[in-house]
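Participant: Below are the structure tokens for one structure; questions will follow.
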Amino acid sequence: MALSLDIFLQVLMDGIVLGFMYALIALGYTMVYGVLEFINFAHSEIFVLGAFVGVEILLALESSGTLAALNPAFVVLMIILAGMIVSGLAAVALERTAYRPLRGAPRLVPLISAIGASFFLQDFIRLVESVWHNSFYLSYPTLSLLDRSVRLGAMVEVPFKSILVIATALAMLAGLYLFVNKTRLGTAIRAVAQDPDAAALMGIPVNRIISLTFFVGGAMGGVAGVLFGLHYSLVNPYTGFVPGLKAFTAAVLGGIGNIPGAVLGGLVLGLMEAFAASYLGILTDGAFGAEYKDVFAFVILILILIFRPKGLLGEKVREEGV
Amino acid sequence: MKNRIFTAGLVGYILLSSLLVYYFPQSVLAFLAFEASLLLIYYAPVSRAVKLSLAAATLVVVLPLIGTINGYYLEIAIQVGIFVALALGLNIVVGFAGLLNLGYVAFYAIGAYLWAIFGSSQANEFISGGYFPLSQAWFFVFLLLSIAAGALTGALLGLPVLRLRGDYLAIVTLGFAEVVRALVNNLDKPINLTNGPRGITPIERPPLFFQPLLEGLGVAVDPAALYPLYFYFIVLLLLLAIILVTRRLEDSPVGRAWKAIRGDEIAAVAMGIPVVRMKLLAFAVGASFASAVGVLFAAKQVFINPESFTFMESIGVLAMVILGGMGSIPGAILGATAVTILNLQLLKGLSLWLNALRQSGLVLTLPLIGSLDLSRIPSQFEPAKYERMIFGLILILMMIFRPRGILPPQKRERRFDPSTSLRTGKLTTGGDRGEN
């Protein structure tokens with residue numbers, strides 16, 4: 001019945017959008033893991049911070065009446081850039097205050113600190129928004145440009161929002177690829193990821209490279225946050241938890257520490273989730289429906305960690321003592 | 001002599017603080033002063049017997065008396081007790097064995113739902129015959145059953161995941177708890193097991209088996225007034241049992257194996273410790289505590305829904321263990337008490353105070369700042385809602401400045417002292433030493 005082609009293509013589209021969103025967030029987890037072997041649990045809040053920066057700017061423009069006058073493409077570009085910068089800087093500040101003092105401590109110590117940072121940031125954003133707007137559930141103002149859509153063939157209607165997400169994500173990924181592989185700083189990041197001690201001996205300022213990694217990963221999370229806000233419109237300080245966990249799943253799925261792996265993992269997870277959400281109900285005759293899509297992601301995470309902890313593309317998992 | 005002076009001082013303090021609570025039943029500060037008496041008892045340089053009897057008198061006699069004056073304090077004491085029990089259970093997993101379990105609340109939920117489903121009419125949805133709710137006496141059976149159920153699920157989860165490295169293990173347990181919560185939230189179809197987000201109510205409470213006895217003594221009791229006291233004593237008994245079990249475990253070969261694994265897993269393997277089996281045991285014991293406390297929680301609340309079993313609860317309990325000191329029993333107790341009281345009393349008190357300020361309509365004129373209209377304090381700003389910030393700060397600050405907690409575990413070191421033992425041939429037991 002509902003297994004028609006147009007719905008299939010629609011779901012495919014949703015899955016790809018979701019997948020690119022996860023991929024962008026997953027980059028933050030995977031890059032930090034690559035250099036520090038540490039799960040930056042608070043990365044989901046860095047992502048949410050980007051979403052809030054975007055909505056704040058849009059709300060400010062709206063209340064001053066300039067939103068309608070400005071070129072919407074320029075506005076979108078501006079909030080993406082602002083989200084990038086703020087989230088990147090926040091990630092650097094986070095590393096300085098909550099993680100750097102714990103460098104070299106047993107593995108679980110910085111993880112616990114990161115969980116604390118995640119909780120702290122959630123309520124910190126809530127506090128600021130509560131004092132500022134007396135509300136912490138915010139919704140993005142509508143940009144008429146993004147509500148349009150194009151028809152592809154006779155079947156699929158692609159909203160501008162989805163195109164924006166995919167195009168931005170592709171541009172960011174290409175930029176990151178070039179940065180990591182073709183520049184001196186990118187080479188330094190790879191060197192630190194491979195062996196921090198040897199990198200230090202080669203004259204690479206390891207601490208600064210770690211900060212840079214946090215900045216780049218945070219910036220990717222910030223972009224994802226703005227895109228998330230533009231696409232789904234509603235944000236609150238606790239929005240980040242579930243997407244964050246799923247993006248981490250994506251990073252593990254692709255092979256943690258591996259940048260192309262994060263993208264692959266994100267896409268695979270996004271597609272699986274979209275299809276599970278749409279077809280689980282049909283396949284099980286309504287017994288289990290879309291409400292299980294979150295469970296689905298976690299079950300995948302657990303299975304991957306048990307059976308193939310190095311992920312799809314992962315080759316190296318540095319084995320060290322716990 | 002010194003012993004007596006301190007004992008008299010302690011007794012005086014307890015009496016004084018309970019009088020304060022009696023005369024100012026609404027004062028948070030008075031109750032805090034009273035609560036501090038337990039801490040004083042713990043720290044005072046008096047003999048063990050005096051400590052135990054004073055603590056027993058405070059907990060068994062004075063606190064229930066205060067609770068009959070102001071029922072709210074009894075409620076707080078019960079909640080503190082529940083969280084202390086949870087913290088002690090998590091302390092076994094995180095503190096003794098060094099396994100970071102971020103999904104601890106899942107086991108608590110399993111216990112709570114076990115009794116909620118069978119101790120209410122919920123089970124009629126899938127077992128025909130109208131046997132449910134089970135009679136109140138079954139509560140005690142389920143308290144025991146839940147220990148088995150918790151241990152079983154703990155072992156089932158542990159079996160595949162305990163080979164994972166520490167940080168992956170943490171994330172998997174977190175995922176497990178989210179799966180459990182999603183299942184509880186959604187298993188109202190195809191078969192209605194959990195009634196989904198609407199939750200289950202009314203849940204049977206434990207039987208007042210002593211009521212005929214009291215009536216025989218001529219004491220007329222109203223169940224509504226009796227239940228809080230009753231629950232308080234059940235919590236106290238459960239806590240006593242948990243503390244005893246934990247203490248015995250800590251000094252047993254199992255406890256020492258756990259600590260060896262926490263210290264250095266490879267060395268532990270080399271010493272012949274069955275690492276995976278020991279880790280499973282830690283998981284199962286911790287889970288069974290949480291599950292038993294869950295049964296109690298369901299019976300106390302009479303109503304449960306999935307909202308009570310979120311990730312935040314797991315992190316809250318973790319914050320308690322870390323604040324007190326991982327691996328330390330007094331630490332877990334202190335941490336759980338401090339965090340629960342902070343949440344239930346101090347932050348709520350602050351919220352009420354801010355509300356009062358807001359409604360007072362006062363306009364303060366302050367130097368430098370200018371005039372401040374108190375009615376314009378944003379209504380969304382309520383300190384009681386910022387539990388996460390508190391938990392987060394506790395976790396970060398403790399990790400950076402005092403990773404071993406407020407009351408770090410004392411290491412009872414048994415070492416070979418050649419100067420004496422060569423002659424006597426005995427091992428001497430060293431005093432309490434800090435652990436590095």
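Each chain in the structure tokens gets a letter, A, B, ..., in the order shown, and its residues are numbered from 1; ligands are numbered from 1 in order too.
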Using only C-alpha atoms, which residues sit within 12 Å of Ala68 (chain A) once same-chain residues fewer than 2 positions away are excluded, as a ChimeraX atom specification?
Facilitator: /A:58-59,61-66,70-75,141-145
Participant: Chain A residues within 7 Å of chain B, counting only C-alpha atoms: which ones, as a CSV table (one decimal) with N, CA and C atoms, in the first residue's frame?
Facilitator:
chain,number,residue,atom,x,y,z
A,98,ALA,N,37.7,22.8,31.2
A,98,ALA,CA,37.2,21.5,31.8
A,98,ALA,C,38.0,20.3,31.4
A,101,PRO,N,43.0,20.7,32.2
A,101,PRO,CA,43.6,20.4,33.5
A,101,PRO,C,43.6,18.9,33.8
A,102,LEU,N,42.9,18.1,33.1
A,102,LEU,CA,42.8,16.7,33.3
A,102,LEU,C,43.5,15.8,32.3
A,108,LEU,N,38.6,7.7,32.4
A,108,LEU,CA,37.2,8.1,32.8
A,108,LEU,C,37.1,9.5,33.4
A,109,VAL,N,38.2,10.0,33.9
A,109,VAL,CA,38.2,11.3,34.6
A,109,VAL,C,37.7,12.4,33.6
A,112,ILE,N,34.0,12.0,32.7
A,112,ILE,CA,33.1,12.5,33.7
A,112,ILE,C,33.0,14.0,33.7
A,113,SER,N,34.1,14.6,33.5
A,113,SER,CA,34.1,16.1,33.4
A,113,SER,C,33.3,16.6,32.2
A,116,GLY,N,29.7,16.4,33.0
A,116,GLY,CA,29.4,17.5,33.8
A,116,GLY,C,29.3,18.8,32.9
A,117,ALA,N,30.2,19.0,32.0
A,117,ALA,CA,30.2,20.2,31.2
A,117,ALA,C,28.9,20.2,30.3
A,119,PHE,N,26.0,18.8,31.0
A,119,PHE,CA,24.8,19.2,31.9
A,119,PHE,C,24.9,20.7,32.2
A,120,PHE,N,26.1,21.1,32.6
A,120,PHE,CA,26.2,22.5,33.0
A,120,PHE,C,25.8,23.4,31.8
A,123,ASP,N,21.9,23.8,31.2
A,123,ASP,CA,21.2,24.7,32.1
A,123,ASP,C,21.8,26.1,32.0
A,124,PHE,N,23.0,26.3,31.5
A,124,PHE,CA,23.5,27.6,31.4
A,124,PHE,C,22.8,28.3,30.2
A,127,LEU,N,19.5,29.2,31.5
A,127,LEU,CA,19.5,30.3,32.4
A,127,LEU,C,19.6,31.6,31.6
A,130,SER,N,16.4,32.2,29.8
A,130,SER,CA,15.3,32.6,30.7
A,130,SER,C,15.4,34.0,31.2
A,131,VAL,N,16.6,34.5,31.5
A,131,VAL,CA,16.7,35.8,31.9
A,131,VAL,C,16.5,36.8,30.8
A,134,ASN,N,12.8,35.3,28.9
A,134,ASN,CA,11.8,34.7,29.8
A,134,ASN,C,11.2,33.4,29.2
A,135,SER,N,12.0,32.8,28.3
A,135,SER,CA,11.5,31.5,27.7
A,135,SER,C,12.7,30.9,27.1
A,287,ALA,N,2.5,-2.7,15.0
A,287,ALA,CA,2.9,-3.0,16.3
A,287,ALA,C,4.0,-2.1,16.9
A,295,VAL,N,15.4,4.1,19.6
A,295,VAL,CA,15.9,2.8,20.1
A,295,VAL,C,16.8,2.1,19.0
A,298,PHE,N,20.3,3.4,19.0
A,298,PHE,CA,21.1,2.9,20.2
A,298,PHE,C,21.4,1.4,20.1
A,302,ILE,N,25.1,-0.2,20.2
A,302,ILE,CA,25.5,-1.3,21.1
A,302,ILE,C,26.1,-2.5,20.2
A,306,ILE,N,30.0,-3.9,20.2
A,306,ILE,CA,30.3,-5.2,20.6
A,306,ILE,C,31.0,-6.0,19.5
A,322,VAL,N,43.6,1.0,30.3
A,322,VAL,CA,42.6,1.9,30.8
A,322,VAL,C,43.0,2.7,32.0
Participant: Considering only C-alpha atoms, can you say which of B:Ala299, B:Ala149, B:Ala112, B:Ile243 comes closest to Ala287 (chain B)?
Facilitator: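 Distance minimum relative to Ala287 (chain B) lands on B:Ala149.
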Participant: In Å, how far is it from CA of Gln194 (chain A) to CA of Pro243 (chain A)?
Facilitator: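 Distance reported for this atom pair: 28.4 Å.
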Participant: Which neighbours of region 27-38 of chain A fall inside 6 Å, counting only C-alpha atoms, when residues of the same chain fewer than 4 positions from it are skipped, and could you give them as a PyMOL selection string?
Facilitator: chain A and resi 192-193+217-218+251+256-257+262
Participant: Do a neighbour search on His43 (chain A) at 9 Å with only C-alpha atoms, toss out local chain neighbours closer than 4 positions, and write the hits as an MDAnalysis selection string.
Facilitator: chainID A and resid 25 28:29 39 47:48 91 114 118 217:218 221 240 244
Participant: Neighbouring residues of Phe296 (chain A) were defined as those with any atom within 12 Å, considering only C-alpha atoms; residues of the same chain fewer than 4 positions away were excluded. Please report them as a ChimeraX atom specification.
Facilitator: /A:246,249,269-277,280,288-292,300-303 /B:175-176,178-179,182-183
Participant: Create the file for the chosen residues now, containing C-alpha atoms and written as an mmCIF file, in the first residue's frame.
Facilitator:
data_model
loop_
_atom_site.group_PDB
_atom_site.id
_atom_site.type_symbol
_atom_site.label_atom_id
_atom_site.label_comp_id
_atom_site.auth_asym_id
_atom_site.auth_seq_id
_atom_site.Cartn_x
_atom_site.Cartn_y
_atom_site.Cartn_z
ATOM 1 C CA LYS A 246 23.230 9.584 17.453
ATOM 2 C CA THR A 249 26.888 6.528 17.130
ATOM 3 C CA LEU A 269 22.553 6.157 10.329
ATOM 4 C CA GLY A 270 20.386 8.961 8.927
ATOM 5 C CA LEU A 271 19.075 6.741 6.153
ATOM 6 C CA MET A 272 18.450 3.807 8.468
ATOM 7 C CA GLU A 273 16.635 6.049 10.900
ATOM 8 C CA ALA A 274 14.460 7.654 8.247
ATOM 9 C CA PHE A 275 13.523 4.298 6.770
ATOM 10 C CA ALA A 276 12.922 2.763 10.179
ATOM 11 C CA ALA A 277 10.681 5.668 11.124
ATOM 12 C CA LEU A 280 8.799 -0.048 10.779
ATOM 13 C CA PHE A 288 6.094 -1.041 16.405
ATOM 14 C CA GLY A 289 6.135 2.361 14.794
ATOM 15 C CA ALA A 290 8.239 5.465 14.357
ATOM 16 C CA GLU A 291 8.553 5.864 18.131
ATOM 17 C CA TYR A 292 11.238 3.192 18.032
ATOM 18 C CA ILE A 300 23.022 -0.190 16.337
ATOM 19 C CA LEU A 301 25.502 1.565 18.608
ATOM 20 C CA ILE A 302 25.544 -1.321 21.056
ATOM 21 C CA LEU A 303 25.863 -3.929 18.312
ATOM 22 C CA GLY B 175 22.320 3.656 25.349
ATOM 23 C CA PHE B 176 20.901 0.698 27.253
ATOM 24 C CA GLU B 178 17.655 4.997 26.825
ATOM 25 C CA VAL B 179 16.446 1.771 25.218
ATOM 26 C CA ALA B 182 11.934 4.039 25.233
ATOM 27 C CA LEU B 183 10.522 0.539 25.724
#
Participant: Apply DSSP to the structure's backbone, then extract all residues of region 2-144 of chain A labelled helix (DSSP H, G or I) and return them as number ranges by chain.
Facilitator: A: 5-36, 43-63, 72-102, 108-133, 144
Participant: I'd like the neighbourhood of Val235 (chain B) as a compact mmCIF listing (two decimals) with C-alpha atoms, in the first residue's frame, where a residue qualifies if any of its atoms comes within 10 Å (using only C-alpha atoms), though same-chain residues fewer than 4 positions away should be ignored.
Facilitator:
# COMPACT_ATOMS: atom_id res chain seq x y z
CA ALA B 77 14.27 11.83 54.85
CA ILE B 78 12.68 9.08 52.72
CA GLN B 79 13.92 10.64 49.49
CA VAL B 80 17.40 11.07 50.93
CA GLY B 81 17.30 7.42 51.99
CA ILE B 82 16.33 6.29 48.50
CA VAL B 84 21.65 7.07 49.48
CA ALA B 85 20.69 3.50 48.64
CA LEU B 229 6.57 6.66 59.03
CA TYR B 230 6.26 3.11 57.81
CA PHE B 231 8.09 3.88 54.57
CA LEU B 239 19.70 1.02 53.88
CA LEU B 240 21.03 -0.85 56.87
CA ALA B 241 21.00 -4.08 54.88
CA VAL B 293 15.05 0.46 45.69
CA LEU B 296 10.20 0.66 47.20
CA PHE B 297 9.97 3.82 45.11
Participant: Show which residues sit within 12 Å of region 14-16 of chain B, as number ranges by chain. Count only C-alpha atoms, and ignore same-chain residues fewer than 3 positions away.
Facilitator: B: 7-11, 19-23, 30-41, 54-55, 57-59, 61-63, 66
Participant: Hey, which of A:Leu305, A:Asn40, A:Glu56, A:Lys293 ends up closest to Ser278 (chain A)? Count only C-alpha atoms.
Facilitator: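 Answer, going by the shortest atom-to-atom distance: A:Lys293.
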Participant: In terms of the shortest atom-to-atom distance over only C-alpha atoms, which of B:Ile76, B:Leu145, B:Ala292, B:Ile5 is closest to Gln345 (chain B)?
Facilitator: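 That would be B:Ile76, the residue with the smallest distance to Gln345 (chain B).
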